[in-house]
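Text of the file data20.txt, holding compact mmCIF, C-alpha atoms:
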# COMPACT_ATOMS: atom_id res chain seq x y z
CA MET A 85 -93.71 -12.35 64.23
CA ARG A 86 -95.16 -14.13 67.26
CA ILE A 87 -96.27 -11.62 69.90
CA MET A 88 -97.68 -12.09 73.39
CA ALA A 89 -99.88 -9.18 74.48
CA VAL A 90 -101.48 -8.31 77.81
CA ASP A 91 -104.20 -5.83 78.78
CA THR A 92 -105.01 -5.01 82.41
CA ALA A 93 -106.14 -1.40 82.02
CA THR A 94 -109.62 -1.95 83.46
CA THR A 95 -111.50 -4.60 85.45
CA SER A 96 -111.12 -6.92 82.46
CA CYS A 97 -107.90 -8.84 81.88
CA SER A 98 -106.81 -10.24 78.52
CA VAL A 99 -103.80 -12.23 77.33
CA ALA A 100 -103.16 -13.38 73.77
CA VAL A 101 -100.51 -14.82 71.50
CA VAL A 102 -100.79 -13.61 67.90
CA GLN A 103 -98.78 -14.55 64.84
CA GLY A 104 -99.39 -12.35 61.83
CA ASP A 105 -103.16 -12.16 61.39
CA GLU A 106 -103.80 -15.37 63.32
CA VAL A 107 -104.79 -15.38 66.98
CA LEU A 108 -103.04 -18.50 68.26
CA SER A 109 -104.65 -18.28 71.70
CA GLU A 110 -106.52 -15.69 73.73
CA ARG A 111 -108.01 -15.69 77.21
CA ASN A 112 -110.23 -12.97 78.68
CA TRP A 113 -111.36 -12.52 82.26
CA THR A 114 -113.57 -9.96 84.00
CA ASN A 115 -113.63 -9.97 87.77
CA ASP A 116 -113.35 -7.54 90.67
CA GLN A 117 -110.37 -9.48 92.02
CA SER A 118 -106.88 -8.08 91.53
CA HIS A 119 -105.32 -9.05 88.21
CA SER A 120 -102.31 -10.32 90.13
CA ARG A 121 -104.39 -13.34 91.20
CA HIS A 122 -104.90 -14.76 87.73
CA LEU A 123 -102.63 -12.97 85.22
CA MET A 124 -99.71 -15.40 85.36
CA GLY A 125 -102.12 -18.33 85.09
CA MET A 126 -103.56 -16.79 81.93
CA VAL A 127 -100.05 -16.27 80.54
CA ALA A 128 -99.22 -19.91 81.20
CA GLY A 129 -102.55 -20.96 79.71
CA VAL A 130 -102.16 -19.22 76.34
CA LEU A 131 -98.66 -20.66 75.99
CA ALA A 132 -99.83 -24.15 76.89
CA ASP A 133 -102.71 -23.94 74.39
CA ARG A 134 -100.16 -24.08 71.57
CA GLY A 135 -97.33 -25.86 73.33
CA LEU A 136 -95.19 -22.73 73.41
CA SER A 137 -92.64 -21.36 75.84
CA LEU A 138 -91.27 -17.83 76.33
CA LYS A 139 -88.34 -18.61 74.04
CA ASP A 140 -90.80 -19.26 71.19
CA LEU A 141 -92.03 -15.65 71.33
CA ASP A 142 -90.51 -12.84 69.27
CA ALA A 143 -91.84 -9.87 71.22
CA PHE A 144 -94.19 -8.62 73.92
CA ALA A 145 -96.87 -5.93 73.97
CA VAL A 146 -98.91 -4.39 76.77
CA SER A 147 -101.56 -1.71 77.12
CA ARG A 148 -99.85 1.25 78.77
CA GLY A 149 -102.95 3.19 79.77
CA PRO A 150 -104.85 5.17 80.59
CA GLY A 151 -106.86 3.09 83.00
CA SER A 152 -106.72 1.64 86.48
CA PHE A 153 -103.46 2.65 88.19
CA THR A 154 -103.19 -0.69 89.99
CA GLY A 155 -104.17 -2.73 86.94
CA LEU A 156 -101.64 -0.97 84.72
CA ARG A 157 -98.84 -1.48 87.23
CA ILE A 158 -99.61 -5.19 87.47
CA GLY A 159 -99.79 -5.73 83.71
CA ILE A 160 -96.77 -3.64 82.81
CA GLY A 161 -94.65 -5.05 85.64
CA THR A 162 -95.50 -8.59 84.56
CA VAL A 163 -94.77 -8.01 80.87
CA LYS A 164 -91.51 -6.18 81.59
CA GLY A 165 -90.41 -9.15 83.68
CA LEU A 166 -91.33 -11.61 80.94
CA ALA A 167 -89.60 -9.55 78.24
CA TYR A 168 -86.46 -9.23 80.35
CA THR A 169 -86.41 -12.97 81.11
CA ALA A 170 -86.89 -13.88 77.46
CA GLY A 171 -84.54 -11.19 76.17
CA LYS A 172 -87.20 -9.96 73.73
CA PRO A 173 -88.41 -6.44 72.82
CA LEU A 174 -91.44 -4.72 74.28
CA VAL A 175 -93.87 -2.12 72.95
CA GLY A 176 -96.69 -0.30 74.72
CA ILE A 177 -100.06 0.47 73.15
CA SER A 178 -102.63 3.03 74.26
CA SER A 179 -105.71 1.37 75.72
CA LEU A 180 -107.84 4.08 74.05
CA GLU A 181 -106.22 3.41 70.67
CA ALA A 182 -106.82 -0.32 71.08
CA LEU A 183 -110.51 0.33 71.75
CA ALA A 184 -110.82 2.52 68.66
CA ALA A 185 -109.11 -0.17 66.58
CA GLN A 186 -111.88 -2.57 67.60
CA SER A 187 -114.58 -0.36 66.07
CA ALA A 188 -116.32 -2.02 63.17
CA SER A 189 -116.57 0.90 60.75
CA ASP A 190 -114.70 3.89 59.38
CA GLY A 191 -115.38 7.47 60.48
CA LEU A 192 -115.20 9.25 63.81
CA VAL A 193 -114.55 7.02 66.82
CA CYS A 194 -114.51 8.25 70.42
CA SER A 195 -112.95 5.92 72.98
CA LEU A 196 -114.31 6.33 76.50
CA LEU A 197 -113.03 4.55 79.60
CA ASP A 198 -114.47 5.02 83.06
CA ALA A 199 -112.03 7.10 85.14
CA ARG A 200 -114.31 7.23 88.20
CA LYS A 201 -114.85 10.49 90.09
CA SER A 202 -117.53 11.31 87.46
CA GLU A 203 -114.86 11.51 84.75
CA VAL A 204 -113.79 9.56 81.67
CA TYR A 205 -110.53 8.93 79.86
CA SER A 206 -111.11 9.84 76.24
CA CYS A 207 -109.60 10.34 72.81
CA LEU A 208 -111.22 11.11 69.48
CA TYR A 209 -109.98 9.33 66.35
CA ARG A 210 -110.73 9.22 62.66
CA LYS A 211 -110.63 5.69 61.27
CA HIS A 212 -110.07 5.01 57.58
CA HIS A 213 -109.23 1.64 56.06
CA HIS A 214 -108.21 0.23 59.46
CA ARG A 215 -105.87 3.16 60.12
CA LEU A 216 -106.40 5.48 63.07
CA ARG A 217 -105.54 9.17 63.31
CA PRO A 218 -105.95 10.84 66.70
CA LEU A 219 -107.74 14.19 66.47
CA GLY A 220 -106.58 15.38 69.86
CA PRO A 221 -104.71 14.32 72.99
CA GLU A 222 -105.73 11.64 75.44
CA ARG A 223 -107.28 13.30 78.45
CA VAL A 224 -109.39 12.86 81.55
CA SER A 225 -112.47 15.04 82.01
CA PRO A 226 -116.21 14.99 82.63
CA VAL A 227 -117.98 13.30 79.71
CA GLU A 228 -119.49 16.63 78.64
CA ARG A 229 -116.02 17.98 77.85
CA ALA A 230 -114.92 14.71 76.25
CA VAL A 231 -117.49 15.10 73.47
CA GLU A 232 -117.08 18.84 72.82
CA ALA A 233 -115.04 18.21 69.65
CA VAL A 234 -117.45 15.63 68.23
CA ALA A 235 -119.06 17.00 65.07
CA GLY A 236 -121.10 14.69 62.89
CA PRO A 237 -121.75 10.95 63.14
CA CYS A 238 -119.55 9.28 65.75
CA LEU A 239 -119.19 5.79 67.17
CA PHE A 240 -118.62 5.60 70.92
CA ILE A 241 -116.72 2.65 72.32
CA GLY A 242 -115.50 1.65 75.78
CA ASN A 243 -116.71 0.66 79.22
CA ALA A 244 -117.87 4.21 80.09
CA ILE A 245 -120.74 4.00 77.60
CA GLN A 246 -123.05 2.13 79.95
CA LEU A 247 -122.53 4.81 82.60
CA HIS A 248 -122.97 7.84 80.35
CA ARG A 249 -125.24 6.69 77.53
CA PRO A 250 -128.12 9.08 78.42
CA THR A 251 -125.71 12.04 78.49
CA LEU A 252 -124.17 11.05 75.17
CA MET A 253 -127.59 10.74 73.55
CA GLU A 254 -128.48 14.21 74.84
CA LEU A 255 -125.26 15.96 73.79
CA VAL A 256 -124.41 14.25 70.49
CA GLU A 257 -126.57 14.16 67.40
CA SER A 258 -127.42 10.57 66.40
CA PRO A 259 -124.62 8.86 68.36
CA ARG A 260 -123.75 5.26 67.53
CA PHE A 261 -122.58 2.75 70.09
CA ALA A 262 -120.21 -0.17 69.70
CA ASP A 263 -121.27 -3.74 70.21
CA PRO A 264 -120.89 -4.55 73.94
CA SER A 265 -118.33 -7.24 73.08
CA ASP A 266 -116.01 -4.51 71.76
CA ASN A 267 -116.17 -2.29 74.84
CA THR A 268 -113.30 -4.03 76.61
CA VAL A 269 -109.78 -4.16 75.22
CA ARG A 270 -108.74 -7.48 73.71
CA ALA A 271 -105.09 -8.45 73.97
CA SER A 272 -105.20 -9.67 70.37
CA THR A 273 -105.93 -6.08 69.29
CA VAL A 274 -102.98 -4.83 71.36
CA ALA A 275 -100.77 -7.42 69.65
CA ARG A 276 -101.86 -6.43 66.15
CA LEU A 277 -101.21 -2.75 66.80
CA ALA A 278 -97.84 -3.64 68.31
CA ALA A 279 -96.86 -5.61 65.22
CA HIS A 280 -96.96 -2.40 63.16
CA ARG A 281 -94.78 -0.64 65.74
CA PHE A 282 -92.19 -3.41 65.63
CA VAL A 283 -92.09 -3.36 61.82
CA GLY A 284 -91.33 0.36 62.06
CA GLY A 285 -88.60 -0.20 64.65
CA MET A 286 -90.60 1.59 67.34
CA GLU A 287 -89.98 -0.68 70.33
CA ASP A 288 -89.87 0.85 73.82
CA ASP A 289 -86.94 1.02 76.21
CA LEU A 290 -87.58 -1.85 78.60
CA PHE A 291 -86.11 -0.11 81.64
CA ARG A 292 -87.70 3.30 81.09
CA PHE A 293 -91.11 2.05 80.00
CA ALA A 294 -93.85 3.28 82.33
CA PRO A 295 -97.64 3.54 82.42
CA ASN A 296 -99.41 6.51 80.89
CA TYR A 297 -101.84 7.38 83.65
CA VAL A 298 -103.05 10.69 82.10
CA ARG A 299 -104.51 11.62 85.50
CA LYS A 300 -102.27 12.44 88.45
CA SER A 301 -102.49 10.05 91.39
CA ASP A 302 -104.38 11.03 94.55
CA ALA A 303 -101.03 11.35 96.35
CA GLU A 304 -99.77 13.81 93.72
CA LEU A 305 -102.99 15.82 93.85
CA ASN A 306 -102.91 15.96 97.68
CA ARG A 307 -99.27 17.06 97.61
CA LYS A 308 -100.10 19.80 95.09
CA ARG A 309 -102.93 21.04 97.29
CA ARG A 310 -100.62 21.09 100.34
CA ASP A 311 -98.02 23.05 98.38
CA GLY A 312 -100.62 25.61 97.43

Just dump the structure as structure tokens.
Amino acid sequence: MRIMAVDTATTSCSVAVVQGDEVLSERNWTNDQSHSRHLMGMVAGVLADRGLSLKDLDAFAVSRGPGSFTGLRIGIGTVKGLAYTAGKPLVGISSLEALAAQSASDGLVCSLLDARKSEVYSCLYRKHHHRLRPLGPERVSPVERAVEAVAGPCLFIGNAIQLHRPTLMELVESPRFADPSDNTVRASTVARLAAHRFVGGMEDDLFRFAPNYVRKSDAELNRKRRDG
């Protein structure tokens, strides 16, 4: 199965085409500019690298969050449009799950993404023989709460590590930290996780598919405060 995958959950942007275990092409970009400025160019680039067109793809995958609200909307909107145009199925993958899948070893893995406002998006997993089992829900909280359930050796992975490393070292006994190259989601990882979903017939409804923000938007929070 030949899958194009996209990740725009954070300031990094990644696009890949994967066939089986082979990464046919992958492009990664980190910049403060909006993903809308370069995403379609990256899509065209990975296709051109192998002389492919949309009709040569079997399916699409995209990180569905949590992460940047604007980034997720751009990535998901783009992939939904491509999937609709090509008439191919789509599946969404958690950005926290994709991070955990990039960890190099088995055991406890805690994915941490910067959520701003002194908070992190987090989820704790147990990894065994390349399989991940979530040990709790995805959530947004201060980093102190995110690590409450960590007991024993744990690998931390994600872009929030550089912001909260001193706190993690204080709160967790002998924490381990992922290689910096693994702290941003790679589209090739999203594609590989998606391949397992497609094999199990777990594709998403193209028209109902939406981001998983985890946190409510500022507009929703302000409305809730106004309503008491």

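Residue nearest A:Ser206 within the list A:Ser189, A:Thr94, A:Ser225, A:Thr154: A:Ser225 [criterion: smallest interatomic distance, only C-alpha atoms].
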
Subject >> Close residues, stretch 103-120 of chain A itself excluded, 6 Å, all atoms listed in the file, min 5 positions apart in chain, as number ranges by chain >> reply: A: 85-86, 95-98, 130

Okay, now the selection with C-alpha atoms, as a short mmCIF file (atom, residue, chain, number, x, y, z; two decimals), in the coordinates of the input?
data_model
loop_
_atom_site.label_atom_id
_atom_site.label_comp_id
_atom_site.auth_asym_id
_atom_site.auth_seq_id
_atom_site.Cartn_x
_atom_site.Cartn_y
_atom_site.Cartn_z
CA MET A 85 -93.71 -12.35 64.23
CA ARG A 86 -95.16 -14.13 67.26
CA THR A 95 -111.50 -4.60 85.45
CA SER A 96 -111.12 -6.92 82.46
CA CYS A 97 -107.90 -8.84 81.88
CA SER A 98 -106.81 -10.24 78.52
CA VAL A 130 -102.16 -19.22 76.34
#

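Atom CA of A:Ser187 sits 29.1 Å away from atom CA of A:Ala128.
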
Go through stretch 213-273 of chain A and flag each residue having an atom no more than 6 Å from stretch 192-201 of chain A; for those, report the closest pair of atoms plus their distance in Å to one decimal, using all atoms listed in the file, ordered by chain and rising number, as a Markdown table.
| residue | atom | partner | partner_atom | distance |
| --- | --- | --- | --- | --- |
| A:Cys238 | CA | A:Leu192 | CA | 4.8 |
| A:Leu239 | CA | A:Val193 | CA | 4.8 |
| A:Phe240 | CA | A:Cys194 | CA | 4.9 |
| A:Ile241 | CA | A:Ser195 | CA | 5.0 |
| A:Gly242 | CA | A:Leu196 | CA | 4.9 |
| A:Asn243 | CA | A:Leu197 | CA | 5.4 |
| A:Ala244 | CA | A:Asp198 | CA | 4.6 |

Those residues you just picked out, can you put them in a file as a compact mmCIF listing (two decimals), keeping the file's coordinate frame with C-alpha atoms?
# COMPACT_ATOMS: atom_id res chain seq x y z
CA CYS A 238 -119.55 9.28 65.75
CA LEU A 239 -119.19 5.79 67.17
CA PHE A 240 -118.62 5.60 70.92
CA ILE A 241 -116.72 2.65 72.32
CA GLY A 242 -115.50 1.65 75.78
CA ASN A 243 -116.71 0.66 79.22
CA ALA A 244 -117.87 4.21 80.09

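Minimum atom-to-atom distance to A:Asp190, evaluated using all atoms listed in the file, belongs to A:Arg210 out of A:Arg157, A:Arg210, A:Asp289, A:Ser258.
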
Could you give me the axis-aligned bounding box of stretch 227-231 of chain A, with 4 Å of padding per side, as centre plus edge lengths in Å to one decimal, as JSON?
{"center_x": -117.2, "center_y": 15.6, "center_z": 76.6, "size_x": 12.6, "size_y": 12.7, "size_z": 14.2}

Kindly add N, CA and C atoms to the incomplete stretch 131-154 of chain A and provide the output as a short mmCIF file (atom, residue, chain, number, x, y, z; two decimals), in the frame of the given file.
data_model
loop_
_atom_site.label_atom_id
_atom_site.label_comp_id
_atom_site.auth_asym_id
_atom_site.auth_seq_id
_atom_site.Cartn_x
_atom_site.Cartn_y
_atom_site.Cartn_z
N LEU A 131 -99.85 -19.96 76.49
CA LEU A 131 -98.66 -20.66 75.99
C LEU A 131 -98.94 -22.16 75.87
N ALA A 132 -99.56 -22.72 76.89
CA ALA A 132 -99.83 -24.15 76.89
C ALA A 132 -100.81 -24.55 75.80
N ASP A 133 -101.73 -23.64 75.44
CA ASP A 133 -102.71 -23.94 74.39
C ASP A 133 -102.04 -24.35 73.09
N ARG A 134 -100.88 -23.78 72.82
CA ARG A 134 -100.16 -24.08 71.57
C ARG A 134 -98.81 -24.74 71.81
N GLY A 135 -98.58 -25.19 73.04
CA GLY A 135 -97.33 -25.86 73.33
C GLY A 135 -96.12 -24.97 73.19
N LEU A 136 -96.27 -23.70 73.56
CA LEU A 136 -95.19 -22.73 73.41
C LEU A 136 -94.52 -22.43 74.75
N SER A 137 -93.33 -21.87 74.66
CA SER A 137 -92.64 -21.36 75.84
C SER A 137 -92.21 -19.92 75.54
N LEU A 138 -91.68 -19.22 76.54
CA LEU A 138 -91.27 -17.83 76.33
C LEU A 138 -90.25 -17.70 75.21
N LYS A 139 -89.38 -18.69 75.07
CA LYS A 139 -88.34 -18.61 74.04
C LYS A 139 -88.91 -18.69 72.62
N ASP A 140 -90.17 -19.17 72.51
CA ASP A 140 -90.80 -19.26 71.19
C ASP A 140 -91.44 -17.94 70.75
N LEU A 141 -91.44 -16.95 71.64
CA LEU A 141 -92.03 -15.65 71.33
C LEU A 141 -90.98 -14.71 70.75
N ASP A 142 -91.42 -13.82 69.88
CA ASP A 142 -90.51 -12.84 69.27
C ASP A 142 -90.57 -11.49 69.97
N ALA A 143 -91.68 -11.19 70.61
CA ALA A 143 -91.84 -9.87 71.22
C ALA A 143 -93.03 -9.87 72.18
N PHE A 144 -93.10 -8.79 72.96
CA PHE A 144 -94.19 -8.62 73.92
C PHE A 144 -94.84 -7.26 73.73
N ALA A 145 -96.12 -7.18 74.04
CA ALA A 145 -96.87 -5.93 73.97
C ALA A 145 -97.78 -5.83 75.19
N VAL A 146 -98.05 -4.60 75.60
CA VAL A 146 -98.91 -4.39 76.77
C VAL A 146 -99.62 -3.05 76.61
N SER A 147 -100.86 -2.99 77.09
CA SER A 147 -101.56 -1.71 77.12
C SER A 147 -100.93 -0.85 78.20
N ARG A 148 -100.58 0.39 77.84
CA ARG A 148 -99.85 1.25 78.77
C ARG A 148 -100.74 2.29 79.44
N GLY A 149 -102.04 2.25 79.15
CA GLY A 149 -102.95 3.19 79.77
C GLY A 149 -103.56 4.11 78.74
N PRO A 150 -104.44 4.97 79.21
CA PRO A 150 -104.85 5.17 80.59
C PRO A 150 -105.78 4.06 81.08
N GLY A 151 -106.01 4.09 82.39
CA GLY A 151 -106.86 3.09 83.00
C GLY A 151 -106.59 3.00 84.48
N SER A 152 -106.92 1.88 85.06
CA SER A 152 -106.72 1.64 86.48
C SER A 152 -105.24 1.69 86.83
N PHE A 153 -104.88 2.53 87.81
CA PHE A 153 -103.46 2.65 88.19
C PHE A 153 -102.91 1.29 88.63
N THR A 154 -103.66 0.60 89.49
CA THR A 154 -103.19 -0.69 89.99
C THR A 154 -103.13 -1.72 88.87
#
